[in-house]
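All remarks here apply to the structure that follows.
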Amino acid sequence: MAERKRTVPWQRGRLVFGGLLSVALGTVTVVAGLGGTTGRLALLVTLVGVILTLVIDAFFRREESIHHDQNQLAEISAALAITKSLADAPSECQAFVREIAEQWIRIDDRNSAILLKLREARQRAFTEDMRDLANGQSSLGRRQEFRPGILPALTKMTALSATGNDYWWTGRDTTYLAAERSAITDGGLTLHRILVLSRSDIDGTVLELLREQLDAGIVLDVVIREEVSPLDQGCLTGDRALVTDKGGIVGVVIPGNDENDAVVDAGHFTINEDRIESTRDILQTLAPYQTPAADLLKRQSELDHG
């Protein structure tokens with residue numbers, strides 16, 4: 001196989017071109033000149049051409065060197081910024097970033113167009129999710145996504161359960177109720193639940209549900225839907241929870257609407273002040289309609305034995 005010819009570097013090409021042009025100008029001077037001074041003039045033209053070539057070459061070299069140094073400085077600055085960010089990050093973040101880098105390289109090594117495209121989509125989605133979290137909000141893909149795992153991080157939660165209350169008496173609440181009990185007894189969580197019921201909902205199953213939640217240590221109040229003024233019925237159109245975590249941060253959880261655990265309408269968590277105030281307004285509006293569940297159970301017991 002024939003060896004490929006090397007291209008002449010641009011810097012060397014400038015010198016060669018300038019030197020040849022200087023010699024050519026000197027030759028033209030000799031050919032076109034008259035008299036005895038022609039040789040000296042040709043030599044002078046050649047020398048001036050060479051000097052100009054060297055000066056121009058030095059100028060271009062300086063510009064190229066500055067440009068190269070700027071590029072290197074930018075790369076060094078970027079590397080230092082990344083290094084500083086990693087150095088300032090907690091150890092858990094550093095370990096996570098290292099793992100991401102390793103998996104990223106493995107995907108590159110596979111050189112699969114499909115994997116690269118999927119990685120790009122995952123990267124974009126993850127970046128957006130992390131940006132939302134940093135801004136104090138996050139979508140919740142499932143109605144229950146927020147609940148059991150996050151309870152130990154809370155010190156206080158006031159939850160309005162106004163829709164989809166069949167969750168509480170179909171047996172799906174067993175795991176969550178156990179998590180609430182643990183968070184209350186072991187983690188010091190103060191949990192206040194406002195359960196909205198219709199008069200027709202109140203039967204033996206619901207009364208047993210109330211007893212279970214009270215036994216778990218939940219501060220439980222009941223709002224009878226029919227007793228709420230038409231002006232205030234708008235407060236009963238959605239579930240929400242006002243929470244305070246162990247860092248003292250207050251936020252609002254608005255669960256999504258789900259059917260059979262399918263993602264139908266994702267909920268979200270936010271520390272937006274407007275959402276917090278609107279949630280407080282709703283809870284304050286419903287306060288006059290609340291009846292302690294213990295009182296409701298006592299009245300029902302008196303009716304049963306009356």
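Lettering and numbering for the structure tokens are positional, with chains as A, B, ... in the shown order, residues counted from 1 in each chain, and ligands counted from 1 in the shown order.
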Each stretch 187-251 of chain A residue no farther than 7 Å from stretch 292-305 of chain A, nearest pair in Å, only C-alpha atoms, as JSON lines:
```
{"residue": "A:Leu207", "atom": "CA", "partner": "A:Leu297", "partner_atom": "CA", "distance": 6.9}
{"residue": "A:Leu210", "atom": "CA", "partner": "A:Ala293", "partner_atom": "CA", "distance": 6.6}
{"residue": "A:Leu220", "atom": "CA", "partner": "A:Ala293", "partner_atom": "CA", "distance": 5.6}
{"residue": "A:Asp221", "atom": "CA", "partner": "A:Pro292", "partner_atom": "CA", "distance": 4.3}
{"residue": "A:Val222", "atom": "CA", "partner": "A:Ala293", "partner_atom": "CA", "distance": 5.8}
```
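Atom pair atom CA of A:His268 / atom CA of A:Val253: separated by 6.1 Å.
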**Study point:** Top pick for closest residue to A:Ser138, considering A:Pro288, A:Gly164, A:Gly204, A:Gly251 and counting only C-alpha atoms
**Key:** A:Gly251
Exercise for review: Could you find all residues in stretch 84-214 of chain A that DSSP calls helix (DSSP H, G or I) from the backbone, and write them as number ranges by chain?
Suggested key: A: 84-88, 91-110, 113-134, 147-153, 165-169, 174-187, 199-201, 204-214
Practice item. Could you tell me, as a PyMOL selection string, which residues of stretch 130-278 of chain A DSSP assigns to strand (DSSP E) when given the backbone? Key: chain A and resi 137-140+154-161+190-197+219-224+240-245+250-254+257-259+262-265+267-270
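Between atom CA of A:Arg280 and atom CA of A:Ile194 the separation is 13.0 Å.
Contact shell of stretch 103-105 of chain A at 12 Å (only C-alpha atoms; same-chain neighbours under 6 positions omitted): Phe96, Val97, Asn111, Leu115, Leu116, Leu118, Arg119, Glu120, Arg122 and Gln123 of chain A.
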Can you write just those residues out, C-alpha atoms, as a compact mmCIF listing (two decimals), in the first residue's frame?
```txt
# COMPACT_ATOMS: atom_id res chain seq x y z
CA PHE A 96 -23.82 8.41 41.62
CA VAL A 97 -21.94 10.52 39.06
CA ASN A 111 -21.99 1.92 19.52
CA LEU A 115 -29.12 2.81 22.70
CA LEU A 116 -27.60 6.22 22.01
CA LEU A 118 -32.63 6.12 24.16
CA ARG A 119 -29.84 7.46 26.35
CA GLU A 120 -30.36 10.93 24.92
CA ARG A 122 -33.38 9.46 29.32
CA GLN A 123 -30.73 12.12 29.88
```
Practice item. Considering only C-alpha atoms, return as a ChimeraX atom specification whatever protein or nucleic-acid residues lie within 12 Å of A:Leu151, sequence-local ones (same chain, fewer than 3 positions apart) excluded. Key: /A:144-148,154-157,176-191,243-246
